[in-house]
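> One structure coming up, written as structure tokens, with questions to follow.
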Amino acid sequence: MKIFFLFTFSTFLLSAFEQAAASAHYDKILTHSRIRARDQGPNVCALQQVMGTKKKYFSTCRNWYQGAICGKKATVLYECCPGYMKMDGTRGCPAVAPIDHVYGTLGIVGATSTQRYSDMSKLREEIEGRGSFTFFAPSNEAWEQLNSEIHRNLVDNVNIELYNALHHHMVNKRMLTKDLKNGMTLVSMYNDQKLLINHYPNGVVTVNCARIIHGNQIATNGVVHVIDRVLTAVGNTIQDFIEVEDDLSSLRAAAITSDVLDILGRPGHYTLFAPTNEAFERLPRGVLERIMGDKVASEALVKFHILNTLQCSEAITGGAVYETLEGNILEVGCDGESLTVNGVKMVKRKDIVTSNGVIHLIDEVLIPDSAKQVIELGGAQQTTFTDLVAQLGLASSLRPEGQYTLLAPLNGAFSDDTLRMDQRLLKTILQNHIIKVKVGLNELYNGQELETIGGKLLRVFVYRTAVCIENSCMVRGSKEGRNGFIHIFRQIINPAEKTLHEMLRHDKRFSVFLSLVKAADLDDVLSRPGEWTLFVPTNDAFKGLTDDDKNILIRDKNALRNILLYHLIQGVFIGSGFEPGVTNILKTIQGGKLYLKTVNDTLLVNELKSRESDLMATNGVIHVIDKLLYPADLPVGNDQLLTILKKLIKYIQIKFVRDSTFKEIPLTFYKINIIESNVQPITRKEGPEIKYTRITAGGSDNEEKLKKLLEEEVTKVTKFIEGDGHLLEDEEIKRLLQGAGTEYTKVTKVIEGEPQIIEREIKTVQLEEAPVRKVQPNRRTQGGAARRRTRLAYP
């Protein structure tokens with residue numbers, strides 16, 4: 001039990017110490033300053049002084065190693081740490097400073113002006129006497145910087161005004177820096193006025209935004225902290241200040257319209273970057289009117305100027321980001337003596353302290369993305385796109401009440417040739433970059449189709465580290481506006497217009513490869529809807545291939561299919577969608593593996609460079625290569641074939657295993673499936689009810705189903721859409737089909753009187769009026785019993 005008690009007590013003490021340490025940032029920074037100056041002797045602290053000023057800081061590691069504060073070069077000073085002093089003839093600061101009452105301590109820390117004013121106002125007797133005080137003593141420079149009129153009024157009325165002002169700097173108990181918690185409020189000895197304490201992670205401690213520049217000088221009756229400015233009384237809230245400040249009437253109107261003004265009257269620790277009237281006047285009239293007429297936008301605008309933390313200017317020694325009440329962030333920094341917001345010097349007046357926060361007056365209005373129209377979201381890297389949208393009249397079609405998504409290419413994506421295009425064509429290109437609906441990045445998924453205002457459907461491809469639409473992939477920088485999103489893309493988006501087969505057929509560079517595809521009965525694969533990635537060798541890859549060589553290849557269909565299908569992958573893989581420098585292993589339809597990676601924006605396939613990548617087709621993507629691909633682990637067992645392949649492939653050593661054969665690859669990776677469905681029968685004046693069976697893509701047991709259907713009572717096969725060569729190689733199916741007619745006529749029409757069923761990208765074969773078999777008379781009834789028809793089709 002005793003051990004348990006000791007453990008619990010020690011845990012409690014450790015917890016207490018950790019909590020105290022968490023709030024004692026000033027003391028931590030001071031400790032680091034001592035460590036940095038350890039070579040200078042005992043009790044010496046290293047400080048940084050901003051060049052050209054008298055401002056000195058116990059610095060954070062960041063400022064120390066940068067050698068700068070607020071972007072200005074800082075020199076290193078070595079001084080005695082608080083509470084210590086030098087001795088003649090010794091290194092460092094080995095002596096402890098004498099301890100005295102508060103009045104005497106003011107002299108020890110060099111706050112002689114405050115000491116003199118304590119004499120003049122009759123405060124001396126009080127701070128020399130009994131008690132426990134904390135005195136936030138303005139430095140001599142702080143008194144010099146005080147407004148001359150205020151200074152004169154204090155000195156002219158020392159018994160009341162000056163006495164009260166000094167009391168306002170005092171607390172009736174001892175408070176060391178470790179006791180000064182961030183966000184706490186102390187009650188001063190003048191009229192219970194509030195003193196707002198902030199203790200920042202960078203070690204800066206402020207009192208009503210005055211920085212403690214020399215802390216923790218212990219006195220017999222308290223402690224003295226030297227501060228860098230004279231404190232003034234705080235009584236009003238931020239709301240009170242806005243309501244009476246003439247130069248903030250525009251902000252006041254916006255805050256009232258958006259119901260935000262009341263928030264600034266509540267207790268809290270806010271920072272308001274308050275735009276002046278002049279700042280509002282510089283906004284384009286149309287923008288200001290639109291925002292002020294939209295309560296949601298005006299609320300977002302006002303809240304974007306408010307932080308839910310109190311940020312005094314003296315606490316900002318470098319850039320940092322802070323979340324606003326609107327939800328987005330502001331970057332607040334400094335440049336010498338000036339505060340910056342989002343990197344811009346715009347603060348006209350700093351540190352107007354109120355009872356619930358601080359106000360900094362700025363000369364620009366900050367407009368958050370959430371208050372902007374989607375076309376206004378474009379940044380400096382998308383100006384070509386946004387300018388063209390405006391010039392070609394598309395911006396006017398983006399209604400404020402609508403919902404849109406802009407797919408904005410970077411400026412560099414627009415070549416001179418593109419910009420010199422006919423304006424009608426250029427307008428069409430831009431229309432393909434405007435989606436009809438509002439779609440955020442987290443709403444996009446693989447396989448999704450997005451409709452543009454031009455009526456095109458764009459496909460979405462989602463990869464491990466990239467999101468792409470058609471041929472172009474996103475870069476960082478997506479933003480959400482009042483009526484839509486903008487996403488940034490590397491290239492201009494080119495929607496697909498042709499199938500893989502059509503693209504090969506219309507490009508002479510691929511004529512040899514296409515002839516081999518046709519010989520291997522694979523051209524139908526490249527014509528059908530699907531999602532494929534095809535690596536296409538140009539004719540250059542087949543240099544040296546004679547007609548005899550080609551015939552040998554074609555005769556060995558298994559070998560040819562193995563070679564060609566090693567160039568085909570299930571799925572659409574965009575080159576720019578791969579993580580740069582990382583090898584991606586993808587399985588081909590042949591079964592072997594391809595190794596892909598991008599290096600310096602170039603796609604490598606088995607270490608071979610793709611000469612042109614991301615050519616989009618309606619059913620996949622083409623990457624152009626100038627070498628024939630071959631799986632390194634696939635042996636050849638035929639001397640003639642080996643000789644041919646060695647002519648074409650010199651970048652790898654092809655294995656030879658005599659009499660080895662290539663595996664058969666049936667075309668089952670794009671099977672057809674038979675789905676029976678009764679189409680609404682056609683009403684005729686005479687004749688029986690007609691039933692149809694439709695056969696579509698997919699499934700695995702096609703042969704048996706098809707045989708069963710063909711063996712049943714079939715009057716005729718009305719249409720046959722050429723498809724899976726594997727099915728047609730079945731002798732029984734071929735016999736049953738041939739029994740339906742004596743010749744095949746290629747047509748694309750629908751038989752008169754039949755249901756209007758639309759076929760897409762298909763070839764059809766019509767079997768005219770020939771019965772599949774003779775039908776027994778006793779199998780029909782007078783007036784027309786149901787006749788069955790079989791229909792084979794691909795969706």
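Convention: chains lettered A, B, ... in structure tokens order; per-chain residue numbering from 1; ligands numbered from 1 as shown.
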Could I get the residues of range 344-408 of chain A with an atom no further than 12 Å from an atom of range 241-261 of chain A, each paired with its nearest atom pair and that distance in Å to one decimal, using only C-alpha atoms, sorted by chain and residue number, as CSV?


```
residue,atom,partner,partner_atom,distance
A:Ile352,CA,A:Phe241,CA,9.3
A:Val353,CA,A:Phe241,CA,9.9
A:Thr354,CA,A:Phe241,CA,8.1
A:Ser355,CA,A:Phe241,CA,10.5
A:Asn356,CA,A:Phe241,CA,11.1
A:Gly357,CA,A:Phe241,CA,11.1
A:Val358,CA,A:Phe241,CA,10.5
A:Ile359,CA,A:Phe241,CA,9.1
A:His360,CA,A:Leu248,CA,11.8
A:Leu361,CA,A:Leu248,CA,9.1
A:Ile362,CA,A:Leu248,CA,10.5
A:Asp363,CA,A:Asp247,CA,11.0
A:Glu364,CA,A:Leu251,CA,11.6
A:Val365,CA,A:Leu251,CA,9.5
A:Leu366,CA,A:Leu251,CA,11.6
```

> Within 7 Å of Gln570 in chain A, counting only C-alpha atoms, which residues qualify if same-chain residues fewer than 2 places away don't, as a list in words?

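Surrounding residues, per the criterion: Glu531, Trp532, Thr533, Leu568 and Ile589 of chain A.
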
> Could you turn the residues from that selection into a file that holds all heavy atoms, as an mmCIF file, in the first residue's frame?


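Okay, this is what ended up in part_31.cif:
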```
data_model
loop_
_atom_site.group_PDB
_atom_site.id
_atom_site.type_symbol
_atom_site.label_atom_id
_atom_site.label_comp_id
_atom_site.auth_asym_id
_atom_site.auth_seq_id
_atom_site.Cartn_x
_atom_site.Cartn_y
_atom_site.Cartn_z
ATOM 1 N N GLU A 531 -12.060 -1.262 -71.007
ATOM 2 C CA GLU A 531 -11.033 -0.434 -70.378
ATOM 3 C C GLU A 531 -9.696 -1.141 -70.528
ATOM 4 O O GLU A 531 -9.398 -2.091 -69.802
ATOM 5 C CB GLU A 531 -11.361 -0.199 -68.890
ATOM 6 C CG GLU A 531 -12.602 0.656 -68.672
ATOM 7 C CD GLU A 531 -12.817 0.998 -67.218
ATOM 8 O OE1 GLU A 531 -12.194 0.351 -66.344
ATOM 9 O OE2 GLU A 531 -13.608 1.906 -66.936
ATOM 10 N N TRP A 532 -8.894 -0.684 -71.495
ATOM 11 C CA TRP A 532 -7.642 -1.335 -71.820
ATOM 12 C C TRP A 532 -6.507 -0.323 -71.832
ATOM 13 O O TRP A 532 -6.689 0.857 -72.117
ATOM 14 C CB TRP A 532 -7.709 -2.000 -73.203
ATOM 15 C CG TRP A 532 -8.872 -2.930 -73.403
ATOM 16 C CD1 TRP A 532 -10.011 -2.691 -74.098
ATOM 17 C CD2 TRP A 532 -9.003 -4.258 -72.889
ATOM 18 N NE1 TRP A 532 -10.848 -3.767 -74.061
ATOM 19 C CE2 TRP A 532 -10.249 -4.752 -73.321
ATOM 20 C CE3 TRP A 532 -8.185 -5.082 -72.114
ATOM 21 C CZ2 TRP A 532 -10.703 -6.033 -73.013
ATOM 22 C CZ3 TRP A 532 -8.633 -6.346 -71.800
ATOM 23 C CH2 TRP A 532 -9.870 -6.811 -72.243
ATOM 24 N N THR A 533 -5.312 -0.840 -71.570
ATOM 25 C CA THR A 533 -4.088 -0.076 -71.806
ATOM 26 C C THR A 533 -3.276 -0.855 -72.827
ATOM 27 O O THR A 533 -2.951 -2.027 -72.606
ATOM 28 C CB THR A 533 -3.278 0.100 -70.512
ATOM 29 O OG1 THR A 533 -4.051 0.870 -69.584
ATOM 30 C CG2 THR A 533 -1.979 0.842 -70.791
ATOM 31 N N LEU A 568 -1.045 -5.798 -73.902
ATOM 32 C CA LEU A 568 -2.392 -5.367 -73.502
ATOM 33 C C LEU A 568 -2.623 -5.624 -72.011
ATOM 34 O O LEU A 568 -2.342 -6.709 -71.516
ATOM 35 C CB LEU A 568 -3.450 -6.113 -74.327
ATOM 36 C CG LEU A 568 -4.898 -5.671 -74.138
ATOM 37 C CD1 LEU A 568 -5.113 -4.251 -74.641
ATOM 38 C CD2 LEU A 568 -5.848 -6.636 -74.852
ATOM 39 N N ILE A 589 -2.593 -9.322 -70.323
ATOM 40 C CA ILE A 589 -3.570 -10.356 -70.688
ATOM 41 C C ILE A 589 -2.853 -11.663 -71.024
ATOM 42 O O ILE A 589 -3.364 -12.757 -70.795
ATOM 43 C CB ILE A 589 -4.429 -9.890 -71.876
ATOM 44 C CG1 ILE A 589 -5.214 -8.621 -71.489
ATOM 45 C CG2 ILE A 589 -5.395 -10.982 -72.321
ATOM 46 C CD1 ILE A 589 -6.134 -8.783 -70.309
#
```

> Pick out the closest residue to Ser370 in chain A from this set: A:Gly318, A:Pro284, A:Gly41, A:Gly484. Count only C-alpha atoms.

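Counting only C-alpha atoms, the residue closest to Ser370 in chain A is A:Gly484.
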
> Report the distance between CA of Gly477 in chain A and CA of Gly378 in chain A in Å, rounded to one decimal place.

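Those two atoms sit 9.6 Å apart.
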
> What's around Lys543 in chain A at 12 Å? Count only C-alpha atoms, leave out sequence neighbours fewer than 3 positions away in its own chain, and write the answer as a list in words.

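The contact residues come out as Val512, Phe513, Pro537, Thr538, Asn539, Asp540, Thr546, Asp547, Asp549, Lys550, Asp626, Lys627, Leu628, Ile644, Leu645, Lys646, Lys647, Leu648 and Ile649 of chain A.
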
> Selection from above, N, CA, C and O atoms, as an mmCIF file, in the first residue's frame, can you write it?


```cif
data_model
loop_
_atom_site.group_PDB
_atom_site.id
_atom_site.type_symbol
_atom_site.label_atom_id
_atom_site.label_comp_id
_atom_site.auth_asym_id
_atom_site.auth_seq_id
_atom_site.Cartn_x
_atom_site.Cartn_y
_atom_site.Cartn_z
ATOM 1 N N VAL A 512 1.696 -2.156 -89.402
ATOM 2 C CA VAL A 512 2.195 -3.524 -89.237
ATOM 3 C C VAL A 512 1.577 -4.172 -88.003
ATOM 4 O O VAL A 512 1.099 -5.321 -88.057
ATOM 5 N N PHE A 513 1.591 -3.445 -86.892
ATOM 6 C CA PHE A 513 1.011 -3.983 -85.656
ATOM 7 C C PHE A 513 -0.458 -4.309 -85.863
ATOM 8 O O PHE A 513 -0.947 -5.361 -85.436
ATOM 9 N N PRO A 537 3.690 -0.799 -80.673
ATOM 10 C CA PRO A 537 4.954 -0.553 -81.367
ATOM 11 C C PRO A 537 4.692 0.105 -82.729
ATOM 12 O O PRO A 537 3.751 -0.278 -83.442
ATOM 13 N N THR A 538 5.498 1.055 -83.092
ATOM 14 C CA THR A 538 5.393 1.657 -84.418
ATOM 15 C C THR A 538 5.980 0.710 -85.457
ATOM 16 O O THR A 538 6.597 -0.315 -85.125
ATOM 17 N N ASN A 539 5.814 1.081 -86.706
ATOM 18 C CA ASN A 539 6.374 0.257 -87.783
ATOM 19 C C ASN A 539 7.890 0.120 -87.663
ATOM 20 O O ASN A 539 8.475 -0.871 -88.132
ATOM 21 N N ASP A 540 8.531 1.115 -87.037
ATOM 22 C CA ASP A 540 9.983 1.045 -86.852
ATOM 23 C C ASP A 540 10.390 -0.176 -86.044
ATOM 24 O O ASP A 540 11.520 -0.674 -86.178
ATOM 25 N N THR A 546 10.526 -9.546 -92.950
ATOM 26 C CA THR A 546 10.139 -9.826 -94.335
ATOM 27 C C THR A 546 8.718 -10.371 -94.375
ATOM 28 O O THR A 546 8.137 -10.747 -93.346
ATOM 29 N N ASP A 547 8.185 -10.464 -95.603
ATOM 30 C CA ASP A 547 6.845 -11.044 -95.758
ATOM 31 C C ASP A 547 6.827 -12.498 -95.305
ATOM 32 O O ASP A 547 5.848 -12.970 -94.701
ATOM 33 N N ASP A 549 8.756 -13.790 -93.008
ATOM 34 C CA ASP A 549 8.785 -13.763 -91.539
ATOM 35 C C ASP A 549 7.388 -13.516 -90.983
ATOM 36 O O ASP A 549 6.949 -14.157 -90.016
ATOM 37 N N LYS A 550 6.708 -12.583 -91.611
ATOM 38 C CA LYS A 550 5.372 -12.238 -91.149
ATOM 39 C C LYS A 550 4.414 -13.418 -91.303
ATOM 40 O O LYS A 550 3.595 -13.698 -90.414
ATOM 41 N N ASP A 626 8.726 2.144 -79.578
ATOM 42 C CA ASP A 626 9.398 1.855 -80.847
ATOM 43 C C ASP A 626 10.118 0.505 -80.841
ATOM 44 O O ASP A 626 10.979 0.246 -81.658
ATOM 45 N N LYS A 627 9.752 -0.333 -79.886
ATOM 46 C CA LYS A 627 10.294 -1.691 -79.811
ATOM 47 C C LYS A 627 9.146 -2.657 -79.537
ATOM 48 O O LYS A 627 8.164 -2.316 -78.866
ATOM 49 N N LEU A 628 9.287 -3.851 -80.062
ATOM 50 C CA LEU A 628 8.324 -4.896 -79.746
ATOM 51 C C LEU A 628 8.617 -5.420 -78.346
ATOM 52 O O LEU A 628 9.773 -5.673 -77.996
ATOM 53 N N ILE A 644 13.366 -14.910 -86.113
ATOM 54 C CA ILE A 644 12.542 -13.720 -86.385
ATOM 55 C C ILE A 644 12.544 -12.776 -85.189
ATOM 56 O O ILE A 644 12.734 -11.559 -85.322
ATOM 57 N N LEU A 645 12.351 -13.339 -84.002
ATOM 58 C CA LEU A 645 12.273 -12.497 -82.792
ATOM 59 C C LEU A 645 13.605 -11.821 -82.507
ATOM 60 O O LEU A 645 13.650 -10.677 -82.039
ATOM 61 N N LYS A 646 14.711 -12.527 -82.821
ATOM 62 C CA LYS A 646 16.021 -11.917 -82.581
ATOM 63 C C LYS A 646 16.263 -10.727 -83.511
ATOM 64 O O LYS A 646 17.008 -9.809 -83.173
ATOM 65 N N LYS A 647 15.633 -10.768 -84.680
ATOM 66 C CA LYS A 647 15.712 -9.617 -85.573
ATOM 67 C C LYS A 647 15.042 -8.385 -84.957
ATOM 68 O O LYS A 647 15.514 -7.262 -85.119
ATOM 69 N N LEU A 648 13.930 -8.647 -84.277
ATOM 70 C CA LEU A 648 13.099 -7.544 -83.779
ATOM 71 C C LEU A 648 13.453 -7.120 -82.364
ATOM 72 O O LEU A 648 13.241 -5.964 -81.987
ATOM 73 N N ILE A 649 13.960 -8.046 -81.574
ATOM 74 C CA ILE A 649 14.166 -7.780 -80.142
ATOM 75 C C ILE A 649 15.633 -7.985 -79.806
ATOM 76 O O ILE A 649 16.126 -9.114 -79.785
#
```

> Can you tell me which residues surround Arg476 in chain A at a distance of at most 8 Å, considering only C-alpha atoms, apart from same-chain residues fewer than 2 positions away, and format the answer as a VMD selection string?

chain A and resid 474 478 488

> Could you pull out the strand (DSSP E) residues of range 32-172 of chain A, going by DSSP on the backbone, and write them as a PDB file with N, CA, C and O atoms, in the first residue's frame?


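Wrote out.pdb, looks like this:
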```
ATOM      1  N   VAL A  44      25.259  33.211 -18.631  1.00  0.00           N
ATOM      2  CA  VAL A  44      25.176  34.135 -19.771  1.00  0.00           C
ATOM      3  C   VAL A  44      24.099  33.616 -20.724  1.00  0.00           C
ATOM      4  O   VAL A  44      24.009  32.419 -20.981  1.00  0.00           O
ATOM      5  N   CYS A  45      23.283  34.532 -21.255  1.00  0.00           N
ATOM      6  CA  CYS A  45      22.239  34.173 -22.213  1.00  0.00           C
ATOM      7  C   CYS A  45      22.549  34.792 -23.572  1.00  0.00           C
ATOM      8  O   CYS A  45      23.049  35.922 -23.646  1.00  0.00           O
ATOM      9  N   ALA A  46      22.243  34.050 -24.622  1.00  0.00           N
ATOM     10  CA  ALA A  46      22.410  34.541 -25.992  1.00  0.00           C
ATOM     11  C   ALA A  46      21.084  35.113 -26.471  1.00  0.00           C
ATOM     12  O   ALA A  46      20.042  34.468 -26.365  1.00  0.00           O
ATOM     13  N   LEU A  47      21.135  36.327 -27.004  1.00  0.00           N
ATOM     14  CA  LEU A  47      19.954  36.980 -27.536  1.00  0.00           C
ATOM     15  C   LEU A  47      20.206  37.343 -28.995  1.00  0.00           C
ATOM     16  O   LEU A  47      21.340  37.389 -29.455  1.00  0.00           O
ATOM     17  N   GLN A  48      19.130  37.603 -29.713  1.00  0.00           N
ATOM     18  CA  GLN A  48      19.234  38.130 -31.070  1.00  0.00           C
ATOM     19  C   GLN A  48      18.644  39.534 -31.095  1.00  0.00           C
ATOM     20  O   GLN A  48      17.553  39.763 -30.556  1.00  0.00           O
ATOM     21  N   GLN A  49      19.366  40.447 -31.705  1.00  0.00           N
ATOM     22  CA  GLN A  49      18.879  41.813 -31.847  1.00  0.00           C
ATOM     23  C   GLN A  49      18.685  42.104 -33.332  1.00  0.00           C
ATOM     24  O   GLN A  49      19.584  41.887 -34.145  1.00  0.00           O
ATOM     25  N   VAL A  50      17.472  42.579 -33.667  1.00  0.00           N
ATOM     26  CA  VAL A  50      17.180  42.911 -35.056  1.00  0.00           C
ATOM     27  C   VAL A  50      18.012  44.116 -35.461  1.00  0.00           C
ATOM     28  O   VAL A  50      17.992  45.153 -34.794  1.00  0.00           O
ATOM     29  N   LYS A  56      15.273  43.105 -28.958  1.00  0.00           N
ATOM     30  CA  LYS A  56      16.065  41.920 -28.626  1.00  0.00           C
ATOM     31  C   LYS A  56      15.126  40.774 -28.219  1.00  0.00           C
ATOM     32  O   LYS A  56      14.074  41.020 -27.607  1.00  0.00           O
ATOM     33  N   TYR A  57      15.529  39.562 -28.563  1.00  0.00           N
ATOM     34  CA  TYR A  57      14.696  38.388 -28.293  1.00  0.00           C
ATOM     35  C   TYR A  57      15.557  37.231 -27.782  1.00  0.00           C
ATOM     36  O   TYR A  57      16.676  37.030 -28.261  1.00  0.00           O
ATOM     37  N   ALA A  68      17.759  35.369 -38.418  1.00  0.00           N
ATOM     38  CA  ALA A  68      16.867  36.473 -38.778  1.00  0.00           C
ATOM     39  C   ALA A  68      15.601  36.416 -37.940  1.00  0.00           C
ATOM     40  O   ALA A  68      15.181  35.348 -37.475  1.00  0.00           O
ATOM     41  N   ILE A  69      15.013  37.583 -37.752  1.00  0.00           N
ATOM     42  CA  ILE A  69      13.719  37.714 -37.078  1.00  0.00           C
ATOM     43  C   ILE A  69      12.859  38.603 -37.957  1.00  0.00           C
ATOM     44  O   ILE A  69      13.284  39.703 -38.358  1.00  0.00           O
ATOM     45  N   LYS A  72      14.398  39.985 -41.106  1.00  0.00           N
ATOM     46  CA  LYS A  72      15.502  40.937 -40.999  1.00  0.00           C
ATOM     47  C   LYS A  72      16.684  40.272 -40.291  1.00  0.00           C
ATOM     48  O   LYS A  72      16.496  39.532 -39.317  1.00  0.00           O
ATOM     49  N   LYS A  73      17.858  40.556 -40.775  1.00  0.00           N
ATOM     50  CA  LYS A  73      19.063  39.959 -40.186  1.00  0.00           C
ATOM     51  C   LYS A  73      19.184  40.356 -38.728  1.00  0.00           C
ATOM     52  O   LYS A  73      18.923  41.493 -38.343  1.00  0.00           O
ATOM     53  N   ALA A  74      19.578  39.399 -37.898  1.00  0.00           N
ATOM     54  CA  ALA A  74      19.718  39.642 -36.466  1.00  0.00           C
ATOM     55  C   ALA A  74      21.144  39.321 -36.027  1.00  0.00           C
ATOM     56  O   ALA A  74      21.743  38.340 -36.476  1.00  0.00           O
ATOM     57  N   THR A  75      21.667  40.173 -35.185  1.00  0.00           N
ATOM     58  CA  THR A  75      23.005  39.935 -34.625  1.00  0.00           C
ATOM     59  C   THR A  75      22.866  39.252 -33.275  1.00  0.00           C
ATOM     60  O   THR A  75      21.823  39.351 -32.604  1.00  0.00           O
ATOM     61  N   VAL A  76      23.927  38.579 -32.854  1.00  0.00           N
ATOM     62  CA  VAL A  76      23.911  37.850 -31.589  1.00  0.00           C
ATOM     63  C   VAL A  76      24.527  38.716 -30.497  1.00  0.00           C
ATOM     64  O   VAL A  76      25.603  39.296 -30.675  1.00  0.00           O
ATOM     65  N   LEU A  77      23.821  38.787 -29.373  1.00  0.00           N
ATOM     66  CA  LEU A  77      24.321  39.491 -28.193  1.00  0.00           C
ATOM     67  C   LEU A  77      24.439  38.491 -27.053  1.00  0.00           C
ATOM     68  O   LEU A  77      23.668  37.527 -26.967  1.00  0.00           O
ATOM     69  N   TYR A  78      25.391  38.754 -26.143  1.00  0.00           N
ATOM     70  CA  TYR A  78      25.526  37.935 -24.944  1.00  0.00           C
ATOM     71  C   TYR A  78      25.363  38.843 -23.739  1.00  0.00           C
ATOM     72  O   TYR A  78      26.088  39.826 -23.573  1.00  0.00           O
ATOM     73  N   GLU A  79      24.370  38.531 -22.913  1.00  0.00           N
ATOM     74  CA  GLU A  79      24.088  39.333 -21.724  1.00  0.00           C
ATOM     75  C   GLU A  79      23.885  38.405 -20.531  1.00  0.00           C
ATOM     76  O   GLU A  79      23.653  37.198 -20.688  1.00  0.00           O
ATOM     77  N   CYS A  80      23.952  39.004 -19.342  1.00  0.00           N
ATOM     78  CA  CYS A  80      23.654  38.222 -18.142  1.00  0.00           C
ATOM     79  C   CYS A  80      22.206  37.788 -18.157  1.00  0.00           C
ATOM     80  O   CYS A  80      21.307  38.573 -18.494  1.00  0.00           O
ATOM     81  N   TYR A  84      21.127  37.718 -12.689  1.00  0.00           N
ATOM     82  CA  TYR A  84      22.574  37.552 -12.488  1.00  0.00           C
ATOM     83  C   TYR A  84      23.297  38.812 -12.958  1.00  0.00           C
ATOM     84  O   TYR A  84      22.752  39.633 -13.702  1.00  0.00           O
ATOM     85  N   MET A  85      24.568  38.942 -12.516  1.00  0.00           N
ATOM     86  CA  MET A  85      25.354  40.116 -12.889  1.00  0.00           C
ATOM     87  C   MET A  85      26.830  39.759 -12.993  1.00  0.00           C
ATOM     88  O   MET A  85      27.271  38.708 -12.517  1.00  0.00           O
ATOM     89  N   ALA A  95      27.748  36.347 -10.412  1.00  0.00           N
ATOM     90  CA  ALA A  95      27.134  36.913  -9.208  1.00  0.00           C
ATOM     91  C   ALA A  95      25.630  36.986  -9.357  1.00  0.00           C
ATOM     92  O   ALA A  95      25.092  37.203 -10.440  1.00  0.00           O
ATOM     93  N   VAL A  96      24.960  36.822  -8.215  1.00  0.00           N
ATOM     94  CA  VAL A  96      23.512  36.977  -8.178  1.00  0.00           C
ATOM     95  C   VAL A  96      23.201  38.451  -7.966  1.00  0.00           C
ATOM     96  O   VAL A  96      23.817  39.124  -7.123  1.00  0.00           O
ATOM     97  N   PHE A 133       3.591  42.044  -4.933  1.00  0.00           N
ATOM     98  CA  PHE A 133       3.132  42.698  -6.154  1.00  0.00           C
ATOM     99  C   PHE A 133       3.797  42.091  -7.394  1.00  0.00           C
ATOM    100  O   PHE A 133       4.906  41.558  -7.331  1.00  0.00           O
ATOM    101  N   THR A 134       3.098  42.237  -8.507  1.00  0.00           N
ATOM    102  CA  THR A 134       3.699  42.029  -9.830  1.00  0.00           C
ATOM    103  C   THR A 134       3.628  43.376 -10.549  1.00  0.00           C
ATOM    104  O   THR A 134       2.543  43.945 -10.690  1.00  0.00           O
ATOM    105  N   PHE A 135       4.778  43.867 -10.962  1.00  0.00           N
ATOM    106  CA  PHE A 135       4.842  45.163 -11.629  1.00  0.00           C
ATOM    107  C   PHE A 135       5.300  44.921 -13.077  1.00  0.00           C
ATOM    108  O   PHE A 135       6.401  44.455 -13.318  1.00  0.00           O
ATOM    109  N   PHE A 136       4.395  45.212 -14.028  1.00  0.00           N
ATOM    110  CA  PHE A 136       4.747  45.186 -15.452  1.00  0.00           C
ATOM    111  C   PHE A 136       5.271  46.580 -15.787  1.00  0.00           C
ATOM    112  O   PHE A 136       4.500  47.509 -16.052  1.00  0.00           O
ATOM    113  N   ALA A 137       6.576  46.732 -15.730  1.00  0.00           N
ATOM    114  CA  ALA A 137       7.195  48.057 -15.783  1.00  0.00           C
ATOM    115  C   ALA A 137       7.604  48.417 -17.202  1.00  0.00           C
ATOM    116  O   ALA A 137       8.443  47.729 -17.799  1.00  0.00           O
ATOM    117  N   PRO A 138       7.044  49.505 -17.765  1.00  0.00           N
ATOM    118  CA  PRO A 138       7.468  49.943 -19.102  1.00  0.00           C
ATOM    119  C   PRO A 138       8.954  50.317 -19.102  1.00  0.00           C
ATOM    120  O   PRO A 138       9.456  50.933 -18.149  1.00  0.00           O
ATOM    121  N   MET A 170       0.037  47.047 -12.347  1.00  0.00           N
ATOM    122  CA  MET A 170       0.346  46.225 -11.186  1.00  0.00           C
ATOM    123  C   MET A 170      -0.765  45.240 -10.863  1.00  0.00           C
ATOM    124  O   MET A 170      -1.948  45.515 -11.082  1.00  0.00           O
ATOM    125  N   VAL A 171      -0.337  44.084 -10.330  1.00  0.00           N
ATOM    126  CA  VAL A 171      -1.259  43.062  -9.837  1.00  0.00           C
ATOM    127  C   VAL A 171      -0.901  42.813  -8.382  1.00  0.00           C
ATOM    128  O   VAL A 171       0.278  42.785  -8.011  1.00  0.00           O
TER     129      VAL A 171
END
```

> When you count only C-alpha atoms, which of these residues is closest to Asp294 in chain A: A:Leu166, A:Val344, A:Val462, A:Ala371?

A:Ala371

> Do you know which residues are at most 12 Å from Val437 in chain A counting only C-alpha atoms, after dropping those on the same chain fewer than 3 positions away, and could you put them as a count of residues only?

22

> May I have the residues within 10 Å of Ile652 in chain A as a PyMOL selection string, using only C-alpha atoms and disregarding those fewer than 6 positions away in the same chain?

chain A and resi 629-632+646

> Would you list the contacts of range 182-187 of chain A as a ChimeraX atom specification, taking every protein, DNA or RNA residue within 7 Å and counting only C-alpha atoms, but skipping same-chain residues closer than 2 positions in sequence?

/A:171,180,189,192-200
